[in-house]
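Trainee: My file is work_33.json. It has JSON, C-alpha atoms and all ligand atoms:
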```json
[["chain", "number", "residue", "atom", "x", "y", "z"],
["A", 138, "MET", "CA", 56.22, 72.39, 87.10],
["A", 139, "ASP", "CA", 58.35, 71.07, 84.25],
["A", 140, "LEU", "CA", 56.51, 68.49, 82.23],
["A", 141, "PRO", "CA", 58.32, 66.12, 79.87],
["A", 142, "ARG", "CA", 57.67, 66.77, 76.19],
["A", 143, "ALA", "CA", 54.88, 64.66, 74.70],
["A", 144, "GLU", "CA", 55.87, 61.68, 72.60],
["A", 145, "PRO", "CA", 53.95, 61.34, 69.31],
["A", 146, "TYR", "CA", 50.80, 59.51, 70.38],
["A", 147, "MET", "CA", 49.75, 56.52, 68.32],
["A", 148, "GLY", "CA", 46.72, 55.31, 70.14],
["A", 149, "GLY", "CA", 46.29, 53.42, 73.36],
["A", 150, "VAL", "CA", 44.01, 50.54, 74.22],
["A", 151, "GLY", "CA", 44.92, 48.10, 71.52],
["A", 152, "HIS", "CA", 43.95, 44.66, 70.42],
["A", 153, "SER", "CA", 47.61, 43.86, 70.75],
["A", 154, "GLY", "CA", 47.72, 44.73, 74.44],
["A", 155, "TYR", "CA", 47.82, 47.77, 76.64],
["A", 156, "ASN", "CA", 50.35, 48.40, 79.35],
["A", 157, "GLU", "CA", 48.99, 50.74, 81.99],
["A", 158, "GLU", "CA", 52.47, 51.36, 83.34],
["A", 159, "LEU", "CA", 53.87, 52.62, 80.07],
["A", 160, "LEU", "CA", 50.98, 54.54, 78.61],
["A", 161, "HIS", "CA", 49.16, 57.30, 80.41],
["A", 162, "LYS", "CA", 46.50, 59.39, 78.75],
["A", 163, "THR", "CA", 45.08, 62.74, 79.73],
["A", 164, "ILE", "CA", 41.94, 63.87, 78.03],
["A", 165, "LEU", "CA", 41.07, 67.57, 77.86],
["A", 166, "VAL", "CA", 37.40, 68.31, 78.19],
["A", 167, "GLY", "CA", 35.66, 71.68, 78.33],
["A", 168, "ASP", "CA", 33.56, 74.21, 76.48],
["A", 169, "SER", "CA", 34.60, 75.67, 73.16],
["A", 170, "GLY", "CA", 37.11, 78.47, 73.60],
["A", 171, "VAL", "CA", 38.34, 77.61, 77.11],
["A", 172, "GLY", "CA", 41.81, 76.81, 75.76],
["A", 173, "LYS", "CA", 41.97, 73.02, 75.34],
["A", 174, "THR", "CA", 43.88, 73.29, 72.08],
["A", 175, "SER", "CA", 46.28, 75.98, 73.34],
["A", 176, "LEU", "CA", 47.08, 73.86, 76.38],
["A", 177, "LEU", "CA", 47.79, 70.84, 74.22],
["A", 178, "VAL", "CA", 49.93, 72.85, 71.77],
["A", 179, "GLN", "CA", 51.85, 74.34, 74.70],
["A", 180, "PHE", "CA", 52.55, 70.85, 76.03],
["A", 181, "ASP", "CA", 53.38, 69.40, 72.62],
["A", 182, "GLN", "CA", 55.46, 72.26, 71.18],
["A", 183, "GLY", "CA", 56.49, 74.16, 74.30],
["A", 184, "LYS", "CA", 55.02, 77.46, 73.12],
["A", 185, "PHE", "CA", 51.84, 79.46, 73.24],
["A", 186, "ILE", "CA", 50.43, 80.51, 69.91],
["A", 187, "PRO", "CA", 48.43, 83.70, 70.50],
["A", 188, "GLY", "CA", 45.04, 84.29, 68.96],
["A", 189, "SER", "CA", 44.54, 80.83, 67.59],
["A", 190, "PHE", "CA", 46.64, 78.00, 66.25],
["A", 191, "SER", "CA", 46.22, 79.53, 62.81],
["A", 192, "ALA", "CA", 48.32, 82.54, 63.82],
["A", 193, "THR", "CA", 51.53, 80.84, 62.65],
["A", 194, "VAL", "CA", 50.40, 80.68, 59.04],
["A", 195, "GLY", "CA", 47.99, 82.69, 56.96],
["A", 196, "ILE", "CA", 44.87, 80.81, 57.83],
["A", 197, "GLY", "CA", 43.99, 77.69, 59.79],
["A", 198, "PHE", "CA", 41.10, 75.33, 60.37],
["A", 199, "THR", "CA", 40.21, 72.38, 62.53],
["A", 200, "VAL", "CA", 39.13, 69.16, 60.84],
["A", 201, "MET", "CA", 37.79, 66.19, 62.77],
["A", 202, "LEU", "CA", 37.76, 62.53, 61.71],
["A", 203, "LEU", "CA", 34.68, 60.58, 62.80],
["A", 204, "GLY", "CA", 33.30, 57.09, 62.27],
["A", 205, "ASP", "CA", 33.09, 53.66, 63.89],
["A", 206, "SER", "CA", 36.13, 52.05, 65.44],
["A", 207, "GLY", "CA", 38.32, 50.31, 62.85],
["A", 208, "VAL", "CA", 37.09, 52.15, 59.74],
["A", 209, "GLY", "CA", 40.60, 53.54, 59.25],
["A", 210, "LYS", "CA", 40.55, 57.10, 60.64],
["A", 211, "THR", "CA", 44.04, 56.93, 62.13],
["A", 212, "CYS", "CA", 45.47, 55.31, 58.99],
["A", 213, "PHE", "CA", 43.75, 57.94, 56.86],
["A", 214, "LEU", "CA", 45.36, 60.72, 58.86],
["A", 215, "ILE", "CA", 48.79, 59.07, 58.92],
["A", 216, "HIS", "CA", 48.68, 58.59, 55.16],
["A", 217, "PHE", "CA", 47.85, 62.25, 54.64],
["A", 218, "LYS", "CA", 50.46, 63.44, 57.15],
["A", 219, "ASP", "CA", 53.36, 61.07, 56.42],
["A", 220, "GLY", "CA", 52.42, 59.16, 53.26],
["A", 221, "ALA", "CA", 52.70, 55.88, 55.20],
["A", 222, "PHE", "CA", 50.26, 53.05, 55.88],
["A", 223, "LEU", "CA", 50.07, 51.19, 59.18],
["A", 224, "SER", "CA", 49.02, 47.71, 58.17],
["A", 225, "LYS", "CA", 50.25, 45.29, 60.78],
["A", 226, "THR", "CA", 48.40, 46.22, 63.93],
["A", 227, "PHE", "CA", 45.16, 47.89, 64.81],
["A", 228, "ILE", "CA", 45.64, 50.08, 67.87],
["A", 229, "ALA", "CA", 42.36, 51.72, 68.72],
["A", 230, "THR", "CA", 42.60, 55.43, 69.45],
["A", 231, "VAL", "CA", 41.95, 56.50, 73.04],
["A", 232, "GLY", "CA", 39.96, 59.71, 73.35],
["A", 233, "ILE", "CA", 41.45, 62.07, 70.81],
["A", 234, "ASP", "CA", 44.76, 62.73, 69.05],
["A", 235, "PHE", "CA", 45.80, 65.59, 66.81],
["A", 236, "ARG", "CA", 48.22, 66.38, 64.00],
["A", 237, "ASN", "CA", 48.89, 69.50, 61.93],
["A", 238, "LYS", "CA", 49.58, 69.76, 58.23],
["A", 239, "VAL", "CA", 49.97, 72.82, 56.05],
["A", 240, "VAL", "CA", 48.55, 72.61, 52.52],
["A", 241, "THR", "CA", 48.73, 75.22, 49.79],
["A", 242, "VAL", "CA", 45.51, 76.42, 48.22],
["A", 243, "ASP", "CA", 45.77, 78.89, 45.33],
["A", 244, "GLY", "CA", 49.19, 79.98, 46.55],
["A", 245, "MET", "CA", 48.07, 80.52, 50.13],
["A", 246, "LYS", "CA", 49.21, 78.37, 53.04],
["A", 247, "VAL", "CA", 46.32, 76.80, 54.91],
["A", 248, "LYS", "CA", 47.05, 75.04, 58.18],
["A", 249, "LEU", "CA", 44.83, 72.09, 59.00],
["A", 250, "GLN", "CA", 44.73, 70.88, 62.56],
["A", 251, "ILE", "CA", 43.28, 67.40, 62.32],
["A", 252, "TRP", "CA", 41.66, 65.70, 65.28],
["A", 253, "ASP", "CA", 41.61, 61.91, 65.15],
["A", 254, "THR", "CA", 38.83, 60.68, 67.42],
["A", 255, "ALA", "CA", 38.23, 57.30, 69.01],
["A", 256, "GLY", "CA", 35.43, 55.44, 67.26],
["A", 257, "GLN", "CA", 34.66, 53.29, 70.27],
["A", 258, "GLU", "CA", 31.35, 54.03, 71.95],
["A", 259, "ARG", "CA", 32.90, 54.43, 75.42],
["A", 260, "PHE", "CA", 34.82, 57.55, 74.32],
["A", 261, "ARG", "CA", 31.79, 59.22, 72.76],
["A", 262, "SER", "CA", 31.21, 61.69, 75.60],
["A", 263, "VAL", "CA", 34.85, 62.80, 75.38],
["A", 264, "THR", "CA", 34.77, 63.39, 71.65],
["A", 265, "HIS", "CA", 31.46, 65.26, 71.85],
["A", 266, "ALA", "CA", 33.30, 68.01, 73.72],
["A", 267, "TYR", "CA", 35.41, 68.68, 70.61],
["A", 268, "TYR", "CA", 32.69, 68.77, 67.94],
["A", 269, "ARG", "CA", 32.02, 72.47, 68.37],
["A", 270, "ASP", "CA", 35.65, 73.40, 67.71],
["A", 271, "ALA", "CA", 35.67, 71.72, 64.30],
["A", 272, "GLN", "CA", 35.01, 73.61, 61.08],
["A", 273, "ALA", "CA", 34.96, 70.41, 59.04],
["A", 274, "LEU", "CA", 34.17, 66.76, 59.67],
["A", 275, "LEU", "CA", 35.35, 63.79, 57.63],
["A", 276, "LEU", "CA", 32.91, 60.97, 58.37],
["A", 277, "LEU", "CA", 34.30, 57.56, 57.47],
["A", 278, "TYR", "CA", 32.80, 54.12, 57.07],
["A", 279, "ASP", "CA", 34.45, 50.91, 55.93],
["A", 280, "ILE", "CA", 33.16, 49.50, 52.61],
["A", 281, "THR", "CA", 33.87, 45.98, 53.95],
["A", 282, "ASN", "CA", 31.83, 46.52, 57.13],
["A", 283, "LYS", "CA", 28.07, 46.98, 56.71],
["A", 284, "SER", "CA", 27.39, 48.10, 60.27],
["A", 285, "SER", "CA", 29.92, 50.92, 59.96],
["A", 286, "PHE", "CA", 27.85, 52.16, 57.00],
["A", 287, "ASP", "CA", 24.51, 51.62, 58.78],
["A", 288, "ASN", "CA", 25.82, 53.67, 61.72],
["A", 289, "ILE", "CA", 26.46, 56.71, 59.51],
["A", 290, "ARG", "CA", 22.92, 58.00, 60.14],
["A", 291, "ALA", "CA", 23.54, 57.85, 63.89],
["A", 292, "TRP", "CA", 26.82, 59.72, 63.41],
["A", 293, "LEU", "CA", 25.03, 62.40, 61.40],
["A", 294, "THR", "CA", 22.45, 62.74, 64.19],
["A", 295, "GLU", "CA", 25.27, 63.27, 66.70],
["A", 296, "ILE", "CA", 26.89, 65.79, 64.37],
["A", 297, "HIS", "CA", 23.60, 67.64, 64.12],
["A", 298, "GLU", "CA", 23.38, 67.73, 67.91],
["A", 299, "TYR", "CA", 26.95, 68.69, 68.83],
["A", 300, "ALA", "CA", 28.70, 70.33, 65.86],
["A", 301, "GLN", "CA", 28.53, 73.89, 64.52],
["A", 302, "LYS", "CA", 25.48, 74.44, 62.33],
["A", 303, "ASP", "CA", 27.53, 75.33, 59.22],
["A", 304, "VAL", "CA", 30.21, 72.66, 59.68],
["A", 305, "VAL", "CA", 31.52, 71.20, 56.39],
["A", 306, "ILE", "CA", 30.85, 67.46, 56.24],
["A", 307, "MET", "CA", 32.25, 64.91, 53.81],
["A", 308, "LEU", "CA", 31.28, 61.23, 53.69],
["A", 309, "LEU", "CA", 34.09, 58.79, 52.88],
["A", 310, "GLY", "CA", 33.83, 55.06, 52.12],
["A", 311, "ASN", "CA", 37.28, 53.85, 53.17],
["A", 312, "LYS", "CA", 39.22, 50.62, 52.42],
["A", 313, "ALA", "CA", 38.24, 50.79, 48.74],
["A", 314, "ASP", "CA", 41.42, 48.80, 47.97],
["A", 315, "VAL", "CA", 39.89, 45.59, 49.36],
["A", 316, "SER", "CA", 37.24, 45.26, 46.68],
["A", 317, "ARG", "CA", 36.95, 41.48, 47.14],
["A", 318, "GLU", "CA", 35.49, 42.02, 50.61],
["A", 319, "ARG", "CA", 33.22, 44.89, 49.65],
["A", 320, "VAL", "CA", 29.74, 44.73, 51.21],
["A", 321, "VAL", "CA", 28.69, 48.37, 50.70],
["A", 322, "ARG", "CA", 28.11, 49.40, 47.10],
["A", 323, "SER", "CA", 29.52, 52.69, 45.93],
["A", 324, "GLU", "CA", 25.99, 53.72, 44.81],
["A", 325, "ASP", "CA", 24.71, 53.25, 48.38],
["A", 326, "GLY", "CA", 27.33, 55.67, 49.67],
["A", 327, "GLU", "CA", 26.42, 58.14, 46.94],
["A", 328, "THR", "CA", 22.69, 57.87, 47.67],
["A", 329, "LEU", "CA", 23.18, 58.42, 51.40],
["A", 330, "ALA", "CA", 25.47, 61.39, 50.79],
["A", 331, "ARG", "CA", 22.95, 62.92, 48.39],
["A", 332, "GLU", "CA", 20.18, 62.49, 50.96],
["A", 333, "TYR", "CA", 22.20, 64.53, 53.46],
["A", 334, "GLY", "CA", 23.58, 66.95, 50.88],
["A", 335, "VAL", "CA", 27.23, 66.15, 51.55],
["A", 336, "PRO", "CA", 30.05, 65.34, 49.11],
["A", 337, "PHE", "CA", 31.09, 61.69, 48.89],
["A", 338, "MET", "CA", 33.97, 59.60, 47.66],
["A", 339, "GLU", "CA", 35.55, 56.25, 48.28],
["A", 340, "THR", "CA", 39.07, 56.28, 49.65],
["A", 341, "SER", "CA", 41.93, 54.04, 50.64],
["A", 342, "ALA", "CA", 44.31, 54.83, 53.44],
["A", 343, "LYS", "CA", 46.38, 51.95, 52.07],
["A", 344, "THR", "CA", 46.90, 53.09, 48.48],
["A", 345, "GLY", "CA", 46.30, 56.76, 49.26],
["A", 346, "MET", "CA", 43.39, 56.96, 46.83],
["A", 347, "ASN", "CA", 41.53, 60.27, 47.33],
["A", 348, "VAL", "CA", 43.14, 60.85, 50.75],
["A", 349, "GLU", "CA", 44.84, 64.12, 49.83],
["A", 350, "LEU", "CA", 41.84, 65.18, 47.79],
["A", 351, "ALA", "CA", 39.52, 64.88, 50.81],
["A", 352, "PHE", "CA", 41.65, 67.27, 52.87],
["A", 353, "LEU", "CA", 42.34, 69.60, 49.94],
["A", 354, "ALA", "CA", 38.64, 69.89, 49.14],
["A", 355, "ILE", "CA", 37.93, 70.74, 52.78],
["A", 356, "ALA", "CA", 40.78, 73.28, 52.86],
["A", 357, "ARG", "CA", 39.52, 74.92, 49.66],
["A", 358, "GLU", "CA", 35.96, 75.11, 50.92],
["A", 359, "LEU", "CA", 36.97, 76.60, 54.28],
["A", 360, "LYS", "CA", 39.39, 79.06, 52.67],
["A", 361, "HIS", "CA", 36.66, 80.09, 50.29],
["A", 362, "ARG", "CA", 34.20, 80.62, 53.13],
["A", 363, "ALA", "CA", 36.75, 82.64, 55.11],
["A", 364, "GLY", "CA", 37.38, 84.92, 52.13],
["A", 365, "ARG", "CA", 33.78, 85.25, 50.99],
["A", 366, "GLN", "CA", 33.61, 88.85, 52.07],
["A", 367, "GLN", "CA", 36.39, 89.69, 49.60],
["A", 368, "ALA", "CA", 34.91, 90.61, 46.24],
["A", 369, "ASN", "CA", 37.71, 89.00, 44.20],
["A", 370, "GLU", "CA", 37.44, 85.56, 45.86],
["A", 371, "PRO", "CA", 36.46, 83.14, 43.06],
["A", 372, "SER", "CA", 33.40, 80.99, 43.78],
["A", 373, "PHE", "CA", 33.99, 77.39, 44.82],
["A", 374, "GLN", "CA", 31.59, 74.44, 44.82],
["A", 375, "ILE", "CA", 32.93, 71.59, 46.92],
["A", 376, "HIS", "CA", 30.54, 69.04, 45.36],
["A", 377, "ASP", "CA", 31.65, 69.90, 41.82],
["A", 378, "TYR", "CA", 35.31, 69.94, 42.85],
["A", 379, "VAL", "CA", 35.09, 66.49, 44.47],
["A", 380, "GLU", "CA", 33.14, 65.02, 41.55],
["A", 381, "SER", "CA", 35.64, 66.34, 39.01],
["A", 382, "GLN", "CA", 38.75, 65.27, 40.93],
["A", 383, "LYS", "CA", 37.91, 61.99, 42.63],
["A", 384, "LYS", "CA", 39.31, 58.69, 41.46],
["A", 385, "GLN", "CA", 37.13, 55.59, 41.30],
["A", 386, "PRO", "CA", 38.41, 52.35, 42.83],
["A", 387, "SER", "CA", 38.23, 50.45, 39.55],
["A", 388, "CYS", "CA", 40.77, 52.69, 37.91],
["A", 389, "CYS", "CA", 43.31, 52.39, 40.74],
["A", 390, "PRO", "CA", 46.00, 49.82, 41.27],
["A", 391, "PHE", "CA", 45.21, 47.55, 44.22],
["A", 392, "VAL", "CA", 48.03, 46.49, 46.42],
["B", 1, "LIG", "N1", 43.11, 47.45, 53.44],
["B", 1, "LIG", "C1", 42.95, 48.55, 54.17],
["B", 1, "LIG", "N2", 43.06, 48.50, 55.51],
["B", 1, "LIG", "C2", 42.90, 49.66, 56.21],
["B", 1, "LIG", "C3", 42.62, 50.88, 55.58],
["B", 1, "LIG", "N3", 42.52, 51.84, 56.54],
["B", 1, "LIG", "C4", 42.73, 51.22, 57.70],
["B", 1, "LIG", "N4", 42.96, 49.90, 57.52],
["B", 1, "LIG", "C5", 43.19, 48.89, 58.57],
["B", 1, "LIG", "O1", 42.05, 48.93, 59.43],
["B", 1, "LIG", "C6", 42.45, 48.76, 60.78],
["B", 1, "LIG", "C7", 41.88, 49.90, 61.62],
["B", 1, "LIG", "O2", 42.48, 51.13, 61.22],
["B", 1, "LIG", "P1", 42.53, 52.42, 62.18],
["B", 1, "LIG", "O3", 43.05, 53.55, 61.35],
["B", 1, "LIG", "O4", 43.29, 52.13, 63.42],
["B", 1, "LIG", "O5", 40.99, 52.59, 62.54],
["B", 1, "LIG", "P2", 40.29, 53.78, 63.37],
["B", 1, "LIG", "O6", 39.09, 54.17, 62.64],
["B", 1, "LIG", "O7", 41.28, 54.87, 63.66],
["B", 1, "LIG", "O8", 39.88, 53.04, 64.73],
["B", 1, "LIG", "P3", 39.60, 53.73, 66.19],
["B", 1, "LIG", "O9", 40.87, 54.41, 66.58],
["B", 1, "LIG", "O10", 39.28, 52.57, 67.11],
["B", 1, "LIG", "O11", 38.44, 54.64, 66.05],
["B", 1, "LIG", "C8", 43.97, 48.66, 60.78],
["B", 1, "LIG", "O12", 44.33, 47.29, 60.85],
["B", 1, "LIG", "C9", 44.39, 49.24, 59.46],
["B", 1, "LIG", "O13", 45.58, 48.67, 58.97],
["B", 1, "LIG", "C10", 42.50, 50.92, 54.15],
["B", 1, "LIG", "O14", 42.24, 51.93, 53.49],
["B", 1, "LIG", "N5", 42.68, 49.71, 53.50]]
```
What do you get writing this file as structure tokens?

Mentor:
Amino acid sequence: MDLPRAEPYMGGVGHSGYNEELLHKTILVGDSGVGKTSLLVQFDQGKFIPGSFSATVGIGFTVMLLGDSGVGKTCFLIHFKDGAFLSKTFIATVGIDFRNKVVTVDGMKVKLQIWDTAGQERFRSVTHAYYRDAQALLLLYDITNKSSFDNIRAWLTEIHEYAQKDVVIMLLGNKADVSRERVVRSEDGETLAREYGVPFMETSAKTGMNVELAFLAIARELKHRAGRQQANEPSFQIHDYVESQKKQPSCCPFV
């Protein structure tokens, strides 16, 4: 059967309205390794990539964005992918969406396949099915929304239950550009991250602050892990890298 090519998917059930006749979603669910990603890539790009999606470039990893609905996961991904910010409307993600971006780490191309998950509770069972496929998780809260921060512990419990044991996790306090509405102190994010032993930084999908750094740090860490068996691979400490590279909100122009 010939299927029409997929249009770029920008979310579904929105606060601005949802037309059942125009928007149809199919969600792929199944165990790790059954071929969910290959099926989606086949539909999206019209080709099968043998081995794994990373076969097209030197090395590839899957990164998943997690956090409450509205914390800015989709905007974070769009800023990284296209350098743009979607400000006007909030269209909540339905199920899961994915985008690819190739970054260069120490002269080597690293392909990141980034899964943008729905933060809404009702999609939780769908997104759980994807946790095991992810090598890294970016866990976002909104510095202007206390409950999104309070829910981080629950997210970490879910991660513990469903994700790979050695998954790379990074905690991100997003919307750092709206400092006037801040209700979560930067120190509180740092303390929580330290408690769980994960790197932390505040970000803004609007100004782009630390967006690229978050993905680059993940790419570096995963590339380092993949090459650990090679004797000449230089050591890499993601915590030190993030601490040395991250920008603080106070030093950044607010728009
Ligand atoms: N000021 C500011 N607004 C942001 C930022 N990131 C996202 N937003 C706004 O926050 C709202 C929600 O953003 P989304 O990216 O759709 O949130 P999400 O986490 O993907 O939500 P779900 O898809 O429901 O899980 C939108 O109105 C965005 O414009 C940011 O860094 N700064």

Trainee: Can you work out which one of A:Ile296, A:Cys212, A:Val305, A:Leu177 has the shortest atom-to-atom distance to Ser224 of chain A, counting only C-alpha atoms?

Mentor: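 Smallest distance to Ser224 of chain A is found for A:Cys212.
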
Trainee: Would you mind listing what lies within 7 Å of Leu249 of chain A as an mmCIF file with C-alpha atoms, keeping the file's coordinate frame, with all atoms listed in the file counted and same-chain residues fewer than 5 positions away left out?

Mentor:
```cif
data_model
loop_
_atom_site.group_PDB
_atom_site.id
_atom_site.type_symbol
_atom_site.label_atom_id
_atom_site.label_comp_id
_atom_site.auth_asym_id
_atom_site.auth_seq_id
_atom_site.Cartn_x
_atom_site.Cartn_y
_atom_site.Cartn_z
ATOM 1 C CA GLY A 197 43.990 77.690 59.790
ATOM 2 C CA PHE A 198 41.100 75.330 60.370
ATOM 3 C CA THR A 199 40.210 72.380 62.530
ATOM 4 C CA VAL A 200 39.130 69.160 60.840
ATOM 5 C CA ASN A 237 48.890 69.500 61.930
ATOM 6 C CA LYS A 238 49.580 69.760 58.230
ATOM 7 C CA VAL A 239 49.970 72.820 56.050
#
```

Trainee: Quote the spacing between atom CA of Gly204 of chain A and atom CA of Asp270 of chain A in Å to one decimal place.

Mentor: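 Answer for the atom CA of Gly204 of chain A to atom CA of Asp270 of chain A separation: 17.4 Å.
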
Trainee: Between chain A and ligand LIG 1 (chain B), at 6 Å or less, what are the per-residue closest atom pairs and their distances in Å? Count all atoms listed in the file, order by chain and rising residue number, and return it as a Markdown table.

Mentor:
```
| residue | atom | partner | partner_atom | distance |
| --- | --- | --- | --- | --- |
| A:Asp205 | CA | B:LIG1 | O11 | 5.9 |
| A:Ser206 | CA | B:LIG1 | O11 | 3.5 |
| A:Gly207 | CA | B:LIG1 | O5 | 3.5 |
| A:Val208 | CA | B:LIG1 | O6 | 4.1 |
| A:Gly209 | CA | B:LIG1 | O3 | 3.2 |
| A:Lys210 | CA | B:LIG1 | O7 | 3.8 |
| A:Thr211 | CA | B:LIG1 | O3 | 3.6 |
| A:Cys212 | CA | B:LIG1 | O3 | 3.8 |
| A:Leu223 | CA | B:LIG1 | O13 | 5.2 |
| A:Ser224 | CA | B:LIG1 | O13 | 3.7 |
| A:Thr226 | CA | B:LIG1 | O12 | 5.2 |
| A:Phe227 | CA | B:LIG1 | O12 | 4.1 |
| A:Ile228 | CA | B:LIG1 | O4 | 5.4 |
| A:Ala229 | CA | B:LIG1 | O10 | 3.6 |
| A:Thr230 | CA | B:LIG1 | O9 | 3.5 |
| A:Ala255 | CA | B:LIG1 | O11 | 4.0 |
| A:Gly256 | CA | B:LIG1 | O11 | 3.3 |
| A:Gln257 | CA | B:LIG1 | O10 | 5.6 |
| A:Asn311 | CA | B:LIG1 | O14 | 5.3 |
| A:Lys312 | CA | B:LIG1 | O14 | 3.5 |
| A:Asp314 | CA | B:LIG1 | N5 | 5.7 |
| A:Val315 | CA | B:LIG1 | N1 | 5.5 |
| A:Ser341 | CA | B:LIG1 | O14 | 3.6 |
| A:Ala342 | CA | B:LIG1 | O14 | 3.6 |
| A:Lys343 | CA | B:LIG1 | O14 | 4.4 |
```

Trainee: Which residues are near segment 373-387 of chain A? Cut-off 12 Å, all atoms listed in the file, ignore same chain within fewer than 6 positions. Put them as a PyMOL selection string.

Mentor: chain A and resi 243+280+305-317+319+322-324+327+330-331+334-341+344-365

Trainee: Could the residues in this selection be saved with C-alpha atoms as a PDB file, in the frame of the given file?

Mentor:
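Okay, again_19.pdb is ready:
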```
ATOM      1  CA  ASP A 243      45.770  78.890  45.330  1.00  0.00           C
ATOM      2  CA  ILE A 280      33.160  49.500  52.610  1.00  0.00           C
ATOM      3  CA  VAL A 305      31.520  71.200  56.390  1.00  0.00           C
ATOM      4  CA  ILE A 306      30.850  67.460  56.240  1.00  0.00           C
ATOM      5  CA  MET A 307      32.250  64.910  53.810  1.00  0.00           C
ATOM      6  CA  LEU A 308      31.280  61.230  53.690  1.00  0.00           C
ATOM      7  CA  LEU A 309      34.090  58.790  52.880  1.00  0.00           C
ATOM      8  CA  GLY A 310      33.830  55.060  52.120  1.00  0.00           C
ATOM      9  CA  ASN A 311      37.280  53.850  53.170  1.00  0.00           C
ATOM     10  CA  LYS A 312      39.220  50.620  52.420  1.00  0.00           C
ATOM     11  CA  ALA A 313      38.240  50.790  48.740  1.00  0.00           C
ATOM     12  CA  ASP A 314      41.420  48.800  47.970  1.00  0.00           C
ATOM     13  CA  VAL A 315      39.890  45.590  49.360  1.00  0.00           C
ATOM     14  CA  SER A 316      37.240  45.260  46.680  1.00  0.00           C
ATOM     15  CA  ARG A 317      36.950  41.480  47.140  1.00  0.00           C
ATOM     16  CA  ARG A 319      33.220  44.890  49.650  1.00  0.00           C
ATOM     17  CA  ARG A 322      28.110  49.400  47.100  1.00  0.00           C
ATOM     18  CA  SER A 323      29.520  52.690  45.930  1.00  0.00           C
ATOM     19  CA  GLU A 324      25.990  53.720  44.810  1.00  0.00           C
ATOM     20  CA  GLU A 327      26.420  58.140  46.940  1.00  0.00           C
ATOM     21  CA  ALA A 330      25.470  61.390  50.790  1.00  0.00           C
ATOM     22  CA  ARG A 331      22.950  62.920  48.390  1.00  0.00           C
ATOM     23  CA  GLY A 334      23.580  66.950  50.880  1.00  0.00           C
ATOM     24  CA  VAL A 335      27.230  66.150  51.550  1.00  0.00           C
ATOM     25  CA  PRO A 336      30.050  65.340  49.110  1.00  0.00           C
ATOM     26  CA  PHE A 337      31.090  61.690  48.890  1.00  0.00           C
ATOM     27  CA  MET A 338      33.970  59.600  47.660  1.00  0.00           C
ATOM     28  CA  GLU A 339      35.550  56.250  48.280  1.00  0.00           C
ATOM     29  CA  THR A 340      39.070  56.280  49.650  1.00  0.00           C
ATOM     30  CA  SER A 341      41.930  54.040  50.640  1.00  0.00           C
ATOM     31  CA  THR A 344      46.900  53.090  48.480  1.00  0.00           C
ATOM     32  CA  GLY A 345      46.300  56.760  49.260  1.00  0.00           C
ATOM     33  CA  MET A 346      43.390  56.960  46.830  1.00  0.00           C
ATOM     34  CA  ASN A 347      41.530  60.270  47.330  1.00  0.00           C
ATOM     35  CA  VAL A 348      43.140  60.850  50.750  1.00  0.00           C
ATOM     36  CA  GLU A 349      44.840  64.120  49.830  1.00  0.00           C
ATOM     37  CA  LEU A 350      41.840  65.180  47.790  1.00  0.00           C
ATOM     38  CA  ALA A 351      39.520  64.880  50.810  1.00  0.00           C
ATOM     39  CA  PHE A 352      41.650  67.270  52.870  1.00  0.00           C
ATOM     40  CA  LEU A 353      42.340  69.600  49.940  1.00  0.00           C
ATOM     41  CA  ALA A 354      38.640  69.890  49.140  1.00  0.00           C
ATOM     42  CA  ILE A 355      37.930  70.740  52.780  1.00  0.00           C
ATOM     43  CA  ALA A 356      40.780  73.280  52.860  1.00  0.00           C
ATOM     44  CA  ARG A 357      39.520  74.920  49.660  1.00  0.00           C
ATOM     45  CA  GLU A 358      35.960  75.110  50.920  1.00  0.00           C
ATOM     46  CA  LEU A 359      36.970  76.600  54.280  1.00  0.00           C
ATOM     47  CA  LYS A 360      39.390  79.060  52.670  1.00  0.00           C
ATOM     48  CA  HIS A 361      36.660  80.090  50.290  1.00  0.00           C
ATOM     49  CA  ARG A 362      34.200  80.620  53.130  1.00  0.00           C
ATOM     50  CA  ALA A 363      36.750  82.640  55.110  1.00  0.00           C
ATOM     51  CA  GLY A 364      37.380  84.920  52.130  1.00  0.00           C
ATOM     52  CA  ARG A 365      33.780  85.250  50.990  1.00  0.00           C
TER      53      ARG A 365
END
```

Trainee: How far is it from atom CA of Arg261 of chain A to atom CA of Ile289 of chain A, in Å with one decimal?

Mentor: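 Result for atom CA of Arg261 of chain A versus atom CA of Ile289 of chain A: 14.5 Å, one decimal.
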
Trainee: What is the atom CA of Arg236 of chain A to atom CA of Tyr333 of chain A distance in Å?

Mentor: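 Separation of atom CA of Arg236 of chain A and atom CA of Tyr333 of chain A: 28.1 Å.
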
Trainee: For a quick check of your reading of the model, name the residues lying within 12 Å of the coordinate (30.3, 61.8, 70.9), counting only C-alpha atoms, and write them as a count of residues only.

Mentor: 33

Trainee: Could you please give me, as a VMD selection string, the residues of protein, DNA or RNA lying at most 6 Å from (26.6, 44.3, 53.7) in the coordinate frame of the file, considering only C-alpha atoms?

Mentor: chain A and resid 283 320 to 321

Trainee: Take the residues just selected and output them with C-alpha atoms as an mmCIF file, keeping the file's coordinate frame.

Mentor:
```
data_model
loop_
_atom_site.group_PDB
_atom_site.id
_atom_site.type_symbol
_atom_site.label_atom_id
_atom_site.label_comp_id
_atom_site.auth_asym_id
_atom_site.auth_seq_id
_atom_site.Cartn_x
_atom_site.Cartn_y
_atom_site.Cartn_z
ATOM 1 C CA LYS A 283 28.070 46.980 56.710
ATOM 2 C CA VAL A 320 29.740 44.730 51.210
ATOM 3 C CA VAL A 321 28.690 48.370 50.700
#
```

Trainee: Could you check the closest approach to Val178 of chain A for each of A:Val231, A:Ile215, A:Leu274, A:Leu165 and tell me which residue wins, using all atoms listed in the file?

Mentor: A:Leu165
